[in-house]
Every structure is written in structure tokens, then in C-alpha cells.
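Structure data (compact mmCIF, C-alpha atoms (C1' of nucleotides)) from target_3.txt:
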```
# COMPACT_ATOMS: atom_id res chain seq x y z
CA MET D 1 12.14 -3.86 25.84
CA ARG D 2 12.81 -1.45 23.00
CA ILE D 3 12.93 -2.29 19.36
CA GLY D 4 16.69 -2.65 19.10
CA GLU D 5 16.89 -5.24 21.81
CA LEU D 6 13.98 -7.17 20.38
CA ALA D 7 15.60 -7.11 16.97
CA ARG D 8 18.87 -8.44 18.35
CA ARG D 9 17.23 -11.10 20.45
CA ALA D 10 14.83 -12.36 17.84
CA GLU D 11 17.30 -11.92 14.99
CA VAL D 12 15.15 -9.86 12.71
CA SER D 13 15.72 -6.32 11.52
CA ARG D 14 14.05 -3.31 13.11
CA ASP D 15 12.40 -2.58 9.81
CA THR D 16 10.92 -6.04 9.74
CA ILE D 17 9.52 -5.60 13.23
CA ARG D 18 7.92 -2.33 12.21
CA PHE D 19 6.59 -3.95 9.08
CA TYR D 20 5.00 -6.71 11.14
CA GLU D 21 3.61 -4.19 13.55
CA ARG D 22 1.97 -2.20 10.78
CA HIS D 23 0.34 -5.43 9.69
CA GLY D 24 -0.95 -6.22 13.14
CA LEU D 25 1.36 -9.11 13.99
CA ILE D 26 3.14 -7.48 16.89
CA ARG D 27 1.90 -5.06 19.47
CA SER D 28 3.72 -2.45 21.51
CA ASP D 29 2.97 0.39 23.89
CA THR D 30 4.47 3.68 24.80
CA ASP D 31 5.77 4.20 28.27
CA PRO D 32 3.28 6.76 29.63
CA ASP D 33 5.83 8.40 31.95
CA ALA D 34 8.34 8.99 29.23
CA SER D 35 8.78 12.08 27.18
CA ASN D 36 9.92 10.23 24.12
CA SER D 37 7.94 8.33 21.55
CA TYR D 38 9.84 5.10 21.95
CA ARG D 39 7.77 1.96 21.86
CA ILE D 40 7.99 -0.81 24.43
CA TYR D 41 7.63 -4.42 23.34
CA PRO D 42 6.53 -7.18 25.70
CA GLU D 43 8.80 -10.15 26.32
CA ASP D 44 6.51 -12.47 24.47
CA ALA D 45 7.12 -10.58 21.27
CA ILE D 46 10.17 -12.80 20.94
CA LEU D 47 7.98 -15.88 21.05
CA THR D 48 5.63 -14.30 18.54
CA LEU D 49 8.51 -13.66 16.18
CA GLU D 50 9.57 -17.27 16.48
CA VAL D 51 6.08 -18.43 15.67
CA ILE D 52 6.03 -16.09 12.69
CA ARG D 53 9.23 -17.65 11.42
CA ASP D 54 7.85 -21.14 11.67
CA ALA D 55 4.57 -20.11 10.11
CA GLN D 56 6.38 -18.58 7.17
CA ALA D 57 8.47 -21.68 6.70
CA ALA D 58 5.16 -23.53 6.63
CA GLY D 59 4.01 -21.30 3.80
CA LEU D 60 1.54 -18.96 5.48
CA SER D 61 1.12 -15.39 4.34
CA ILE D 62 1.40 -12.43 6.66
CA ALA D 63 -2.35 -12.02 6.51
CA ASP D 64 -2.90 -15.62 7.59
CA ILE D 65 -0.32 -15.37 10.33
CA THR D 66 -1.99 -12.22 11.62
CA LEU D 67 -5.24 -14.11 11.96
CA PHE D 68 -3.59 -17.05 13.62
CA VAL D 69 -1.53 -15.03 16.06
CA SER D 70 -4.49 -12.98 17.13
CA GLN D 71 -6.36 -16.17 17.93
CA PHE D 72 -3.35 -17.80 19.51
CA MET D 73 -2.40 -14.88 21.72
CA ALA D 74 -5.90 -13.73 22.59
CA GLN D 75 -8.56 -14.82 24.95
CA GLY D 76 -11.52 -14.87 22.66
CA GLY D 77 -14.33 -17.34 22.24
CA GLY D 78 -14.31 -19.91 19.51
CA ALA D 79 -15.85 -18.59 16.38
CA GLU D 80 -16.86 -21.15 13.78
CA GLU D 81 -15.15 -18.95 11.28
CA MET D 82 -11.92 -19.48 13.15
CA GLU D 83 -12.45 -23.22 13.25
CA ARG D 84 -12.87 -23.29 9.50
CA PHE D 85 -9.78 -21.18 9.09
CA LEU D 86 -7.70 -23.45 11.29
CA ASP D 87 -8.94 -26.57 9.55
CA ASP D 88 -8.05 -25.03 6.20
CA LYS D 89 -4.57 -24.10 7.31
CA ILE D 90 -3.97 -27.49 8.87
CA ALA D 91 -4.84 -29.14 5.57
CA GLU D 92 -2.71 -26.70 3.62
CA VAL D 93 0.33 -27.11 5.82
CA ALA D 94 -0.01 -30.88 5.91
CA GLY D 95 -0.07 -30.88 2.10
CA ARG D 96 3.00 -28.73 1.85
CA LEU D 97 4.71 -30.88 4.43
CA ALA D 98 4.18 -33.95 2.28
CA ALA D 99 5.43 -32.14 -0.81
CA SER D 100 8.49 -30.97 1.06
CA GLN D 101 9.25 -34.48 2.17
CA ARG D 102 8.97 -35.77 -1.38
CA PHE D 103 11.26 -33.05 -2.57
CA LEU D 104 13.77 -33.62 0.21
CA ALA D 105 13.97 -37.27 -0.77
CA LEU D 106 14.58 -36.24 -4.37
CA LEU D 107 17.33 -33.88 -3.29
CA GLN D 108 18.97 -36.61 -1.27
CA GLN D 109 18.76 -39.12 -4.11
CA THR D 110 20.29 -36.65 -6.46
CA ARG D 111 23.06 -35.91 -4.01
CA GLN D 112 23.76 -39.59 -3.57
CA ALA D 113 23.85 -40.23 -7.28
CA LEU D 114 26.30 -37.39 -7.65
CA ALA D 115 28.56 -38.84 -4.99
CA ARG D 116 28.45 -42.31 -6.51
CA ALA D 117 29.01 -41.26 -10.11
CA PRO D 118 31.17 -38.17 -10.12
CA GLN D 119 31.62 -38.77 -13.84
CA ASP D 120 28.53 -39.85 -15.69
CA GLY D 121 25.64 -37.89 -14.30
CA LEU D 122 22.66 -39.24 -12.48
CA ASN D 123 21.35 -42.00 -14.60
CA GLU D 124 22.88 -44.43 -12.16
CA MET D 125 19.94 -43.76 -9.88
CA GLU D 126 18.45 -47.22 -9.36
CA ASP D 127 14.70 -47.09 -9.33
CA GLY D 128 14.38 -48.42 -5.85
CA ALA D 129 13.36 -45.31 -3.99
CA GLY D 130 10.14 -44.04 -5.41
CA ASN D 131 11.61 -42.75 -8.63
CA GLU D 132 9.20 -44.23 -11.11
CA ASN D 133 10.32 -42.37 -14.16
CA ARG D 134 7.09 -42.21 -16.09
CA THR D 135 8.55 -40.56 -19.14
CA ARG D 136 6.06 -42.24 -21.43
CA ASN D 137 2.75 -41.26 -19.97
CA MET A 138 2.51 -31.86 -26.93
CA ARG A 139 1.61 -28.20 -27.28
CA ILE A 140 1.35 -25.70 -24.49
CA GLY A 141 -2.39 -25.96 -23.99
CA GLU A 142 -2.34 -29.68 -23.40
CA LEU A 143 0.62 -29.39 -21.05
CA ALA A 144 -1.18 -26.67 -19.13
CA ARG A 145 -4.29 -28.79 -18.77
CA ARG A 146 -2.42 -31.92 -17.81
CA ALA A 147 -0.07 -30.31 -15.32
CA GLU A 148 -2.69 -27.90 -13.99
CA VAL A 149 -0.77 -24.71 -14.43
CA SER A 150 -1.59 -21.77 -16.65
CA ARG A 151 -0.02 -21.26 -20.07
CA ASP A 152 1.43 -18.02 -18.82
CA THR A 153 3.10 -19.81 -15.96
CA ILE A 154 4.63 -22.34 -18.34
CA ARG A 155 6.01 -19.54 -20.48
CA PHE A 156 7.28 -17.80 -17.39
CA TYR A 157 9.11 -20.95 -16.32
CA GLU A 158 10.46 -21.41 -19.80
CA ARG A 159 11.86 -17.90 -19.88
CA HIS A 160 13.62 -18.72 -16.65
CA GLY A 161 15.11 -21.92 -17.98
CA LEU A 162 12.99 -24.41 -16.05
CA ILE A 163 11.26 -25.98 -19.00
CA ARG A 164 12.52 -26.64 -22.48
CA SER A 165 10.66 -26.96 -25.77
CA ASP A 166 11.37 -27.21 -29.46
CA THR A 167 9.74 -26.18 -32.66
CA ASP A 168 8.56 -28.84 -35.03
CA PRO A 169 10.97 -28.33 -37.96
CA ASP A 170 8.45 -29.46 -40.60
CA ALA A 171 5.77 -27.06 -39.49
CA SER A 172 5.06 -23.64 -40.86
CA ASN A 173 3.88 -22.27 -37.56
CA SER A 174 5.85 -21.14 -34.56
CA TYR A 175 4.15 -23.43 -32.09
CA ARG A 176 6.38 -25.01 -29.51
CA ILE A 177 6.44 -28.69 -28.71
CA TYR A 178 6.91 -29.83 -25.12
CA PRO A 179 8.27 -33.26 -24.20
CA GLU A 180 6.18 -35.62 -22.09
CA ASP A 181 8.50 -35.27 -19.15
CA ALA A 182 7.66 -31.60 -18.85
CA ILE A 183 4.70 -32.80 -16.80
CA LEU A 184 7.05 -34.49 -14.37
CA THR A 185 9.20 -31.38 -14.26
CA LEU A 186 6.19 -29.26 -13.40
CA GLU A 187 5.32 -31.64 -10.59
CA VAL A 188 8.83 -31.39 -9.23
CA ILE A 189 8.64 -27.61 -9.45
CA ARG A 190 5.47 -27.66 -7.38
CA ASP A 191 7.05 -29.76 -4.67
CA ALA A 192 10.21 -27.69 -4.71
CA GLN A 193 8.21 -24.51 -4.26
CA ALA A 194 6.29 -26.03 -1.39
CA ALA A 195 9.69 -26.80 0.10
CA GLY A 196 10.59 -23.14 -0.17
CA LEU A 197 12.99 -23.04 -3.10
CA SER A 198 13.14 -20.04 -5.40
CA ILE A 199 12.79 -20.30 -9.16
CA ALA A 200 16.51 -19.69 -9.49
CA ASP A 201 17.32 -22.57 -7.17
CA ILE A 202 14.85 -24.86 -8.87
CA THR A 203 16.39 -24.04 -12.22
CA LEU A 204 19.75 -25.18 -10.95
CA PHE A 205 18.35 -28.31 -9.43
CA VAL A 206 16.26 -29.30 -12.42
CA SER A 207 19.13 -28.83 -14.81
CA GLN A 208 21.22 -31.18 -12.70
CA PHE A 209 18.39 -33.59 -12.16
CA MET A 210 17.35 -33.84 -15.79
CA ALA A 211 20.79 -33.72 -17.34
CA GLN A 212 23.59 -36.11 -17.88
CA GLY A 213 26.46 -34.06 -16.65
CA GLY A 214 29.38 -34.93 -14.44
CA GLY A 215 29.40 -34.11 -10.75
CA ALA A 216 30.74 -30.67 -10.09
CA GLU A 217 31.81 -29.92 -6.55
CA GLU A 218 29.89 -26.72 -6.87
CA MET A 219 26.74 -28.76 -7.40
CA GLU A 220 27.51 -30.93 -4.41
CA ARG A 221 27.79 -27.88 -2.23
CA PHE A 222 24.56 -26.53 -3.64
CA LEU A 223 22.69 -29.76 -2.97
CA ASP A 224 24.06 -30.01 0.54
CA ASP A 225 22.94 -26.45 1.20
CA LYS A 226 19.47 -27.06 -0.09
CA ILE A 227 19.13 -30.30 1.83
CA ALA A 228 19.98 -28.46 5.02
CA GLU A 229 17.64 -25.61 4.18
CA VAL A 230 14.70 -27.84 3.35
CA ALA A 231 15.28 -30.02 6.40
CA GLY A 232 15.20 -26.90 8.54
CA ARG A 233 11.99 -25.67 7.01
CA LEU A 234 10.49 -29.10 7.38
CA ALA A 235 11.17 -29.06 11.11
CA ALA A 236 9.72 -25.56 11.41
CA SER A 237 6.63 -26.62 9.48
CA GLN A 238 6.14 -29.56 11.78
CA ARG A 239 6.40 -27.35 14.84
CA PHE A 240 3.90 -24.97 13.35
CA LEU A 241 1.52 -27.72 12.33
CA ALA A 242 1.52 -28.99 15.89
CA LEU A 243 0.75 -25.49 17.11
CA LEU A 244 -2.12 -25.20 14.66
CA GLN A 245 -3.52 -28.49 15.84
CA GLN A 246 -3.22 -27.57 19.50
CA THR A 247 -4.97 -24.31 18.83
CA ARG A 248 -7.71 -26.08 16.93
CA GLN A 249 -8.16 -28.56 19.74
CA ALA A 250 -8.31 -25.87 22.37
CA LEU A 251 -10.94 -24.12 20.33
CA ALA A 252 -13.04 -27.25 20.09
CA ARG A 253 -12.75 -27.94 23.81
CA ALA A 254 -13.42 -24.42 24.99
CA PRO A 255 -15.77 -22.74 22.54
CA GLN A 256 -16.28 -20.07 25.16
CA ASP A 257 -13.19 -18.96 26.99
CA GLY A 258 -10.36 -18.84 24.53
CA LEU A 259 -7.26 -20.94 24.54
CA ASN A 260 -5.85 -20.64 27.98
CA GLU A 261 -7.14 -24.13 28.64
CA MET A 262 -4.20 -25.44 26.68
CA GLU A 263 -2.46 -27.75 29.17
CA ASP A 264 1.26 -27.50 28.86
CA GLY A 265 1.78 -31.12 28.04
CA ALA A 266 2.58 -30.88 24.35
CA GLY A 267 5.74 -28.92 23.96
CA ASN A 268 4.25 -25.57 24.83
CA GLU A 269 6.87 -24.35 27.27
CA ASN A 270 5.84 -20.76 27.51
CA ARG A 271 9.19 -19.12 28.10
CA THR A 272 7.83 -15.66 28.58
CA ARG A 273 10.62 -14.75 30.97
CA ASN A 274 13.71 -15.34 28.91
C1' DC O 275 -15.80 -21.23 -45.36
C1' DA O 276 -16.53 -19.18 -41.09
C1' DA O 277 -16.24 -19.08 -36.19
C1' DA O 278 -14.11 -20.74 -32.31
C1' DA O 279 -10.21 -22.15 -30.12
C1' DC O 280 -5.49 -22.06 -30.02
C1' DC O 281 -0.67 -20.04 -30.26
C1' DG O 282 3.52 -16.62 -29.61
C1' DT O 283 5.16 -11.97 -28.37
C1' DT O 284 5.33 -7.86 -25.96
C1' DG O 285 4.81 -5.17 -22.26
C1' DA O 286 2.13 -3.50 -18.48
C1' DC O 287 0.34 -4.57 -14.03
C1' DA O 288 -0.15 -6.66 -9.33
C1' DA O 289 0.55 -8.70 -4.70
C1' DT O 290 3.83 -10.09 -1.33
C1' DG O 291 7.44 -9.25 1.91
C1' DG O 292 10.31 -6.73 2.98
C1' DT O 293 14.64 -2.99 2.69
C1' DC O 294 16.60 1.58 2.52
C1' DC O 295 16.99 6.53 3.05
C1' DA O 296 16.62 11.00 4.98
C1' DC O 297 15.11 13.54 8.67
C1' DA O 298 14.72 15.01 13.38
C1' DG O 299 14.51 13.92 18.06
C1' DT O 300 16.46 10.93 22.38
C1' DT O 301 19.59 8.31 25.15
C1' DT O 302 23.94 6.57 26.42
C1' DA O 303 28.84 6.43 26.77
C1' DT O 304 33.07 8.92 27.21
C1' DA L 305 28.92 18.32 26.97
C1' DT L 306 29.43 16.06 23.05
C1' DA L 307 29.72 12.21 20.04
C1' DA L 308 27.86 7.81 19.11
C1' DA L 309 24.14 4.95 19.13
C1' DC L 310 19.37 4.53 19.20
C1' DT L 311 14.45 5.76 17.92
C1' DG L 312 10.05 6.98 15.01
C1' DT L 313 8.06 8.58 10.55
C1' DG L 314 7.30 8.80 5.81
C1' DG L 315 7.86 7.39 1.55
C1' DA L 316 10.58 5.43 -2.13
C1' DC L 317 12.37 1.36 -3.78
C1' DC L 318 13.32 -3.66 -4.67
C1' DA L 319 12.99 -8.76 -6.10
C1' DT L 320 10.03 -12.47 -6.73
C1' DT L 321 6.33 -14.83 -8.94
C1' DG L 322 3.33 -14.65 -11.56
C1' DT L 323 -1.22 -12.61 -14.33
C1' DC L 324 -3.52 -10.00 -17.91
C1' DA L 325 -4.54 -7.59 -22.20
C1' DA L 326 -3.80 -6.73 -26.91
C1' DC L 327 -2.28 -8.09 -31.34
C1' DG L 328 -1.83 -10.91 -35.32
C1' DG L 329 -1.23 -15.37 -37.01
C1' DT L 330 -2.81 -20.79 -37.11
C1' DT L 331 -5.61 -24.74 -36.54
C1' DT L 332 -9.75 -27.08 -35.65
C1' DT L 333 -14.64 -27.54 -35.70
C1' DG L 334 -19.24 -27.13 -37.41
```
Written as C-alpha cells, how would this file's structure read?
Amino acid sequence: MRIGELARRAEVSRDTIRFYERHGLIRSDTDPDASNSYRIYPEDAILTLEVIRDAQAAGLSIADITLFVSQFMAQGGGAEEMERFLDDKIAEVAGRLAASQRFLALLQQTRQALARAPQDGLNEMEDGAGNENRTRN
Amino acid sequence: MRIGELARRAEVSRDTIRFYERHGLIRSDTDPDASNSYRIYPEDAILTLEVIRDAQAAGLSIADITLFVSQFMAQGGGAEEMERFLDDKIAEVAGRLAASQRFLALLQQTRQALARAPQDGLNEMEDGAGNENRTRN
DNA sequence: CAAAACCGTTGACAATGGTCCACAGTTTAT
DNA sequence: ATAAACTGTGGACCATTGTCAACGGTTTTG
């Protein structure tokens, strides 16, 4: 598949694909019996792009994702270095997940309070949902 | 409290606090009966900084957090605009949360495969954990 | 009373993650 | 066969989220 099709199917821009490729996240080849310089992307590039999306949502940098994808897509023995890396990232992502859940709850509380009291602001929020307002600390 | 104490207690740098303040996330006052120009931060700035941390982990930009915090910390009637904003952010964060969970599972699978097969790479991963490898799509 | 630690302001710098533009060549549709 | 759509390359540019260095003033500590 060529870059345009990949871009359409994975819903990212061509420039983004090239950016990822420069950073080692995606791989492509040239068709040897072609006179052009067009690059051919494997089908699984779509999957890779989906993984990249999720990894970014989980807060990983391009550099980290590069490392992960190379391990994930490769056949390569287990290095201890890689184990440490994965353990680190698992802890990191789990932490961010917890923070996101806290924040989502806060968003939802705030939304509820707004719906209940379209007039007076949010101080209607009953402290029954983890909102211990430790103002005096 | 002055900036140094806030920085220590909330575990962010002074520069970061000033950066947030310039962007309207944090508020402070000057002590009127003081000859200096030192700013005084309220106790709840610590809470605000904690919320900022969670919100960032959840993927919000500074601009979005500014909007949210102003609504969250203020007494101000419910604008429909704010309701739309909150609904948007709830959807966004929920989406990222799901993506993060998918990615965390992938990380854990990869880690497991690495532990099980320290030699041969990951192709030992049995497809029994949501790894439908739709290469031909 | 000094020195050390703190404070505010300004402006430069940096890393990250792209996006855009101009150019020239290639393929596809009409 | 010709226009429209696609492709690669190179480099400039952008927003975001801070961080750092320098300067002069203030407070606290020894």
C-alpha cells in the first residue's frame, strides 16, 4: 500500500506518517521493479498506527513508543534492559490511568453540579463522592 | 504562603507556578501592608496544583485546564457553553482512558511474553487476550 | 552586620510533535 | 495526451509546556 492509502485508512496525515518513519516507528520498502521512488507500506502499518495512537493517549513519547514497537513487532530475545523498560512504562501508565480516573470523576461531579444548580455555581456539591475539600491544610 | 513554600509543598518548580499563574491557572495577591512585592498564595493553591497534575495526566491542555479550574473554583452560574465544554472533555477523557487501558494491557502482555520466552521473542503470545491480529484488513 | 536564601521580572532557550511549502517527478483518470 | 491527483525531499515554521540565566531587591540566619 502507498502512503496515501495508509493515511486514509489509518486516519493520520501523510506528513505524520513520514514523521513517524523518520523516527523509526514505521517501516516501508521500495518496490524493486518500479522506476519510481514510491514507498510501499505493509498492511500491519495500520495496526502499528493504532497502537501508536493508544500509546500516545497513555502518555508515552515518540521515543518510548519507538522502543516499544520495535520490541512488540520484532522477534528478538528478551533483554533485561527491555524488561526494566516495560516495567517502568507499566508503572507510569498505571499511575496516569489512576490520575485520569480521578480527574474524570471530578469532571463528572462538576458537570452534575452545574446541571443541578444552573444558578448558584458549584457549592452545592455534597461531599459524598471523594471531594474532601481540605482548604485548611 | 509564598511561592517557595508552595513549590515545596506541591512539588513543582517556582518557574512552573509562575508559568501557570501567567496563564490564569493560579491566583495570588500581594500583602497590602508589606513593602515588598512578594506574592501570597492561598492554601488551596496546593489543591489546584494537584488537580492540574491529574488533568494533565488525563490529556488536557493548559488552556482547557484554565477553563475547568475557573469553573471548578468559582461561584458562577451555569453557562450552557460550560456544559458543552464539560461534556466534550468528559467524552475526550473517557476515550483516552479506554485507549490507555488497551495500551496497558498490551504492555503487560508484552512483558509477560518476554518473561516466558527470554529467548525467542514474542511470537509465543497466545491469542487469548484480545490480540486479534487483523493483518489482512 | 554579613552571607545565604529568597523573591519578581524579563527574555532567551529547549524539547516535543507535528504541519506546511515549494519543488520536481509519477500515476491515474478523462 | 493532458490535467488532476499522488509521491518524495528538504527545510522552514508552529504551538505547547516548560526551564534557565541574569539582575536587583528583600528577608532570614548566623
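The residues of chain O lying at most 10 Å from chain A, with all atoms listed in the file taken into account, are DC280, DC281 and DG282 of chain O.
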Give me the residues near region 286-303 of chain O as a PyMOL selection string, where near means some atom within 12 Å (using all atoms listed in the file) and where sequence neighbours in that chain fewer than 5 positions away do not count.
(chain D and resi 12-20+23+34-38+56+60-63) or (chain L and resi 305-326)
Since chain A and chain D share a sequence, can you fit the second onto the first over all C-alpha atoms in order and output it as a CSV table (one decimal) with C-alpha atoms, keeping the file's coordinate frame?
```csv
chain,number,residue,atom,x,y,z
D,1,MET,CA,2.3,-31.8,-26.8
D,2,ARG,CA,1.4,-28.1,-27.1
D,3,ILE,CA,1.3,-25.6,-24.4
D,4,GLY,CA,-2.5,-25.8,-23.8
D,5,GLU,CA,-2.4,-29.6,-23.2
D,6,LEU,CA,0.5,-29.3,-20.9
D,7,ALA,CA,-1.2,-26.6,-19.0
D,8,ARG,CA,-4.3,-28.6,-18.6
D,9,ARG,CA,-2.5,-31.8,-17.6
D,10,ALA,CA,-0.1,-30.2,-15.2
D,11,GLU,CA,-2.7,-27.8,-13.8
D,12,VAL,CA,-0.7,-24.6,-14.3
D,13,SER,CA,-1.5,-21.6,-16.5
D,14,ARG,CA,0.0,-21.1,-20.0
D,15,ASP,CA,1.5,-17.9,-18.7
D,16,THR,CA,3.2,-19.8,-15.9
D,17,ILE,CA,4.7,-22.3,-18.3
D,18,ARG,CA,6.1,-19.5,-20.4
D,19,PHE,CA,7.4,-17.8,-17.4
D,20,TYR,CA,9.2,-20.9,-16.3
D,21,GLU,CA,10.5,-21.4,-19.8
D,22,ARG,CA,11.9,-17.9,-19.9
D,23,HIS,CA,13.7,-18.8,-16.7
D,24,GLY,CA,15.2,-22.0,-18.0
D,25,LEU,CA,13.0,-24.4,-16.1
D,26,ILE,CA,11.3,-26.0,-19.0
D,27,ARG,CA,12.4,-26.7,-22.5
D,28,SER,CA,10.5,-27.0,-25.8
D,29,ASP,CA,11.2,-27.3,-29.5
D,30,THR,CA,9.5,-26.2,-32.6
D,31,ASP,CA,8.3,-28.9,-35.0
D,32,PRO,CA,10.7,-28.4,-38.0
D,33,ASP,CA,8.1,-29.5,-40.6
D,34,ALA,CA,5.5,-27.1,-39.4
D,35,SER,CA,4.8,-23.7,-40.8
D,36,ASN,CA,3.7,-22.3,-37.5
D,37,SER,CA,5.7,-21.1,-34.5
D,38,TYR,CA,4.0,-23.4,-32.0
D,39,ARG,CA,6.2,-25.0,-29.5
D,40,ILE,CA,6.3,-28.7,-28.6
D,41,TYR,CA,6.8,-29.8,-25.1
D,42,PRO,CA,8.1,-33.3,-24.2
D,43,GLU,CA,6.0,-35.6,-22.0
D,44,ASP,CA,8.4,-35.3,-19.1
D,45,ALA,CA,7.6,-31.6,-18.8
D,46,ILE,CA,4.7,-32.7,-16.7
D,47,LEU,CA,7.0,-34.5,-14.3
D,48,THR,CA,9.2,-31.4,-14.3
D,49,LEU,CA,6.2,-29.2,-13.4
D,50,GLU,CA,5.4,-31.6,-10.5
D,51,VAL,CA,8.9,-31.4,-9.2
D,52,ILE,CA,8.8,-27.6,-9.5
D,53,ARG,CA,5.6,-27.6,-7.4
D,54,ASP,CA,7.2,-29.7,-4.7
D,55,ALA,CA,10.4,-27.7,-4.7
D,56,GLN,CA,8.4,-24.5,-4.3
D,57,ALA,CA,6.5,-26.0,-1.4
D,58,ALA,CA,9.9,-26.8,0.1
D,59,GLY,CA,10.8,-23.1,-0.2
D,60,LEU,CA,13.2,-23.0,-3.1
D,61,SER,CA,13.4,-20.1,-5.4
D,62,ILE,CA,13.0,-20.3,-9.2
D,63,ALA,CA,16.7,-19.7,-9.5
D,64,ASP,CA,17.5,-22.6,-7.2
D,65,ILE,CA,15.0,-24.9,-8.9
D,66,THR,CA,16.5,-24.1,-12.3
D,67,LEU,CA,19.9,-25.2,-11.0
D,68,PHE,CA,18.4,-28.4,-9.5
D,69,VAL,CA,16.3,-29.3,-12.5
D,70,SER,CA,19.2,-28.9,-14.9
D,71,GLN,CA,21.3,-31.2,-12.8
D,72,PHE,CA,18.4,-33.6,-12.2
D,73,MET,CA,17.4,-33.9,-15.9
D,74,ALA,CA,20.8,-33.7,-17.4
D,75,GLN,CA,23.6,-36.1,-17.9
D,76,GLY,CA,26.5,-34.1,-16.7
D,77,GLY,CA,29.4,-35.0,-14.5
D,78,GLY,CA,29.5,-34.2,-10.8
D,79,ALA,CA,30.8,-30.8,-10.2
D,80,GLU,CA,31.9,-30.1,-6.6
D,81,GLU,CA,30.0,-26.9,-7.0
D,82,MET,CA,26.9,-28.9,-7.5
D,83,GLU,CA,27.6,-31.1,-4.5
D,84,ARG,CA,27.9,-28.0,-2.3
D,85,PHE,CA,24.7,-26.6,-3.7
D,86,LEU,CA,22.8,-29.8,-3.0
D,87,ASP,CA,24.2,-30.1,0.5
D,88,ASP,CA,23.1,-26.5,1.1
D,89,LYS,CA,19.6,-27.1,-0.1
D,90,ILE,CA,19.3,-30.4,1.8
D,91,ALA,CA,20.1,-28.5,5.0
D,92,GLU,CA,17.8,-25.7,4.1
D,93,VAL,CA,14.9,-27.9,3.3
D,94,ALA,CA,15.4,-30.1,6.4
D,95,GLY,CA,15.4,-26.9,8.5
D,96,ARG,CA,12.2,-25.7,7.0
D,97,LEU,CA,10.7,-29.1,7.4
D,98,ALA,CA,11.3,-29.1,11.1
D,99,ALA,CA,9.9,-25.6,11.4
D,100,SER,CA,6.8,-26.6,9.5
D,101,GLN,CA,6.3,-29.6,11.7
D,102,ARG,CA,6.5,-27.4,14.8
D,103,PHE,CA,4.1,-25.0,13.3
D,104,LEU,CA,1.7,-27.7,12.3
D,105,ALA,CA,1.7,-29.0,15.8
D,106,LEU,CA,0.9,-25.5,17.1
D,107,LEU,CA,-2.0,-25.2,14.6
D,108,GLN,CA,-3.4,-28.5,15.7
D,109,GLN,CA,-3.1,-27.6,19.4
D,110,THR,CA,-4.8,-24.3,18.8
D,111,ARG,CA,-7.6,-26.1,16.9
D,112,GLN,CA,-8.1,-28.6,19.7
D,113,ALA,CA,-8.2,-25.9,22.3
D,114,LEU,CA,-10.8,-24.1,20.2
D,115,ALA,CA,-12.9,-27.2,20.0
D,116,ARG,CA,-12.7,-28.0,23.7
D,117,ALA,CA,-13.4,-24.4,24.9
D,118,PRO,CA,-15.7,-22.8,22.4
D,119,GLN,CA,-16.2,-20.1,25.1
D,120,ASP,CA,-13.1,-19.0,26.9
D,121,GLY,CA,-10.3,-18.9,24.4
D,122,LEU,CA,-7.2,-21.0,24.4
D,123,ASN,CA,-5.8,-20.7,27.8
D,124,GLU,CA,-7.1,-24.2,28.5
D,125,MET,CA,-4.2,-25.5,26.6
D,126,GLU,CA,-2.5,-27.8,29.1
D,127,ASP,CA,1.3,-27.6,28.8
D,128,GLY,CA,1.7,-31.2,27.9
D,129,ALA,CA,2.6,-30.9,24.3
D,130,GLY,CA,5.7,-28.8,23.9
D,131,ASN,CA,4.1,-25.5,24.8
D,132,GLU,CA,6.5,-24.2,27.3
D,133,ASN,CA,5.2,-20.7,27.5
D,134,ARG,CA,8.4,-18.8,28.4
D,135,THR,CA,6.7,-15.5,28.8
D,136,ARG,CA,9.2,-14.4,31.4
D,137,ASN,CA,12.5,-14.9,29.7
```
As an exercise, work out the distance from CA of Tyr178 (chain A) to CA of Ala192 (chain A) in Å and give it to one decimal place.
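Computing the Euclidean distance for CA of Tyr178 (chain A) and CA of Ala192 (chain A) yields 20.8 Å.
Pairwise distance (CA of Asp166 (chain A), CA of Ile202 (chain A)) equals 21.0 Å.
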Taking (-12.9, -22.0, 11.5) as a centre in this file's frame and 12 Å as the limit, can you find every polymer residue with an atom that close, using only C-alpha atoms (C1' of nucleotides), and give them as a ChimeraX atom specification?
/D:67-68,71,77-90 /A:244,247-249,251-252,255
Which of A:Asp181, A:Glu158, A:Asp168, A:Glu148 sits closest to chain D [using only C-alpha atoms]:
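Using only C-alpha atoms, chain D sits closest to A:Asp181.
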Distance CA of Asp170 (chain A)-C1' of DT283 (chain O), one decimal place?
21.6 Å
Could you pull the residues within 12 Å of DA278 (chain O), counting only C-alpha atoms (C1' of nucleotides), minus those fewer than 4 positions along the same chain, as a list in words?
DT331, DT332, DT333 and DG334 of chain L
All residues 8 Å or closer to Val93 (chain D), all atoms listed in the file, same chain fewer than 3 positions away omitted, as a ChimeraX atom specification:
/D:58-59,89-90,96-97 /A:237,241
